[in-house]
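Shown next, in structure tokens, is the structure this report addresses.
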Amino acid sequence: MKLLAIIAAIIILVGVLGVVMLAQKSRSGAPPGLTDGALAPCPSSPNCVSSEPGTPESHAVASLSLEAWERLPQLIGEKGGRVVALRNDYIGSVFTTPLLGFADDVEFRRGETEVHVRSASRVGHRDMGANRERVEMLRTALAE
């Protein structure tokens, strides 16, 4: 019985260390940026949303109004993100999860009539809707 408890403790410890290492890995790198004038497409995994044309419905979110552009850098900071790239047509930011610090990239592309948004986890497969919720939280804050 004692041996089973030790084995279980080791398995749990290895699992926790794996998650911590994955979180650390997610904090390296940067948002993908623009590719051919557009935000990067979402991968097939369900941990990404985008408003870019051609985004599959399962990953699609509505774009933001063009008027949102000037407020976005300050709003990102107010909502816990960090702006890491700022150009006249692109904003790249990073949000981290509270518990383990997993990094998610949240990017914005200024178009002629709207602002496109992409929010994606850097690691993992599922995000339990966190990226979609983050975009909607920013949309709600912009409407206030």
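Residue numbering restarts at 1 for every chain of the structure tokens, chains are lettered A, B, ... in their displayed order, and ligands are numbered from 1 as they appear.
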Residues of region 2-142 of chain A classed as strand (DSSP E) by DSSP on the backbone are to be reported as a PyMOL selection string. chain A and resi 34-35+38-39+48-50+64-65+82-86+90-96+103-110+114-121
What residues in chain A get the DSSP label helix (DSSP H, G or I)? Please answer as a PyMOL selection string. chain A and resi 2-26+57-59+66-78+130-143
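Distance annotation: of A:Ser58, A:Thr140, A:Thr35, A:Asn47, the residue with the minimal separation from Ala103 (chain A) is A:Asn47; atom set is only C-alpha atoms.
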Neighbouring residues of Pro46 (chain A) were defined as those with any atom within 10 Å, considering only C-alpha atoms; residues of the same chain fewer than 3 positions away were excluded. Please report them as a PDB file with C-alpha atoms, in the first residue's frame.
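The resulting result_38.pdb:
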```pdb
ATOM      1  CA  CYS A  42      -5.859  29.778 -36.615  1.00  0.00           C
ATOM      2  CA  PRO A  43      -4.500  26.249 -36.309  1.00  0.00           C
ATOM      3  CA  VAL A  49     -10.302  32.661 -32.542  1.00  0.00           C
ATOM      4  CA  SER A  58     -15.748  27.261 -35.276  1.00  0.00           C
ATOM      5  CA  HIS A  59     -12.915  29.806 -34.809  1.00  0.00           C
ATOM      6  CA  ALA A 120      -4.597  32.165 -29.569  1.00  0.00           C
ATOM      7  CA  SER A 121      -2.892  30.018 -26.968  1.00  0.00           C
ATOM      8  CA  GLY A 124      -1.773  23.148 -25.645  1.00  0.00           C
ATOM      9  CA  HIS A 125      -4.838  22.063 -27.527  1.00  0.00           C
ATOM     10  CA  ARG A 126      -7.908  23.310 -25.645  1.00  0.00           C
ATOM     11  CA  ASP A 127      -8.406  26.603 -23.848  1.00  0.00           C
ATOM     12  CA  MET A 128     -11.890  26.101 -22.317  1.00  0.00           C
ATOM     13  CA  GLY A 129     -13.108  29.121 -24.304  1.00  0.00           C
ATOM     14  CA  ASN A 131      -9.547  33.174 -26.050  1.00  0.00           C
TER      15      ASN A 131
END
```
Nearby residues (only C-alpha atoms) at most 12 Å from Ala85 (chain A), same-chain spacing under 5 positions excluded, as a VMD selection string: chain A and resid 30 to 34 73 90 to 94 105 to 109
Go ahead and write the residues just picked, N, CA and C atoms, as a PDB file, in the first residue's frame.
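Produced file part.pdb, reproduced below:
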```pdb
ATOM      1  N   ALA A  30       6.953  35.222 -29.371  1.00  0.00           N
ATOM      2  CA  ALA A  30       6.230  36.466 -29.608  1.00  0.00           C
ATOM      3  C   ALA A  30       5.007  36.167 -30.464  1.00  0.00           C
ATOM      4  N   PRO A  31       4.054  37.086 -30.501  1.00  0.00           N
ATOM      5  CA  PRO A  31       2.903  36.899 -31.391  1.00  0.00           C
ATOM      6  C   PRO A  31       3.379  36.719 -32.832  1.00  0.00           C
ATOM      7  N   PRO A  32       2.640  35.953 -33.633  1.00  0.00           N
ATOM      8  CA  PRO A  32       3.072  35.666 -35.007  1.00  0.00           C
ATOM      9  C   PRO A  32       3.211  36.883 -35.919  1.00  0.00           C
ATOM     10  N   GLY A  33       2.424  37.945 -35.681  1.00  0.00           N
ATOM     11  CA  GLY A  33       2.497  39.115 -36.547  1.00  0.00           C
ATOM     12  C   GLY A  33       1.675  38.942 -37.815  1.00  0.00           C
ATOM     13  N   LEU A  34       1.919  39.814 -38.768  1.00  0.00           N
ATOM     14  CA  LEU A  34       1.165  39.786 -40.016  1.00  0.00           C
ATOM     15  C   LEU A  34       1.864  38.908 -41.053  1.00  0.00           C
ATOM     16  N   PRO A  73      -4.372  49.950 -27.138  1.00  0.00           N
ATOM     17  CA  PRO A  73      -3.161  49.784 -26.320  1.00  0.00           C
ATOM     18  C   PRO A  73      -3.396  50.023 -24.823  1.00  0.00           C
ATOM     19  N   TYR A  90      -0.800  47.386 -36.842  1.00  0.00           N
ATOM     20  CA  TYR A  90      -0.708  46.134 -36.090  1.00  0.00           C
ATOM     21  C   TYR A  90      -0.414  46.394 -34.615  1.00  0.00           C
ATOM     22  N   ILE A  91      -1.129  45.663 -33.752  1.00  0.00           N
ATOM     23  CA  ILE A  91      -0.837  45.642 -32.314  1.00  0.00           C
ATOM     24  C   ILE A  91      -0.689  44.179 -31.915  1.00  0.00           C
ATOM     25  N   GLY A  92       0.430  43.848 -31.325  1.00  0.00           N
ATOM     26  CA  GLY A  92       0.650  42.511 -30.782  1.00  0.00           C
ATOM     27  C   GLY A  92       0.695  42.608 -29.269  1.00  0.00           C
ATOM     28  N   SER A  93      -0.043  41.742 -28.595  1.00  0.00           N
ATOM     29  CA  SER A  93      -0.038  41.764 -27.134  1.00  0.00           C
ATOM     30  C   SER A  93      -0.030  40.341 -26.597  1.00  0.00           C
ATOM     31  N   VAL A  94       0.333  40.232 -25.324  1.00  0.00           N
ATOM     32  CA  VAL A  94       0.381  38.942 -24.652  1.00  0.00           C
ATOM     33  C   VAL A  94      -0.400  39.047 -23.353  1.00  0.00           C
ATOM     34  N   ASP A 105      -1.415  34.883 -27.201  1.00  0.00           N
ATOM     35  CA  ASP A 105      -1.188  36.038 -28.065  1.00  0.00           C
ATOM     36  C   ASP A 105      -2.524  36.635 -28.473  1.00  0.00           C
ATOM     37  N   VAL A 106      -2.651  37.950 -28.332  1.00  0.00           N
ATOM     38  CA  VAL A 106      -3.843  38.661 -28.787  1.00  0.00           C
ATOM     39  C   VAL A 106      -3.349  39.757 -29.727  1.00  0.00           C
ATOM     40  N   GLU A 107      -3.770  39.647 -30.993  1.00  0.00           N
ATOM     41  CA  GLU A 107      -3.266  40.542 -32.026  1.00  0.00           C
ATOM     42  C   GLU A 107      -4.407  41.279 -32.702  1.00  0.00           C
ATOM     43  N   PHE A 108      -4.077  42.450 -33.214  1.00  0.00           N
ATOM     44  CA  PHE A 108      -5.061  43.294 -33.880  1.00  0.00           C
ATOM     45  C   PHE A 108      -4.455  43.826 -35.167  1.00  0.00           C
ATOM     46  N   ARG A 109      -5.254  43.817 -36.223  1.00  0.00           N
ATOM     47  CA  ARG A 109      -4.836  44.376 -37.511  1.00  0.00           C
ATOM     48  C   ARG A 109      -5.829  45.454 -37.909  1.00  0.00           C
TER      49      ARG A 109
END
```
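Minimum atom-to-atom distances from A:Ile10, A:Leu86, A:Val117, A:Val123 to Glu52 (chain A) were compared using only C-alpha atoms, and the lowest value belongs to A:Val117.
We find CA of Glu112 (chain A) and CA of Gly81 (chain A) to be spaced 25.3 Å apart.
Every protein or nucleic acid residue with an atom no more than 10 Å from Ala141 (chain A), counting only C-alpha atoms and leaving out same-chain residues fewer than 5 positions away, appears here: Leu72, Leu75, Glu78, Lys79, Val135 and Glu136 of chain A.
Residue nearest Ser44 (chain A) within the list A:Pro56, A:Thr96, A:Gly77, A:Asp104: A:Pro56 [criterion: smallest interatomic distance, only C-alpha atoms].
Computed from the coordinates, the CA of Thr97 (chain A) to CA of Arg82 (chain A) distance equals 12.5 Å.
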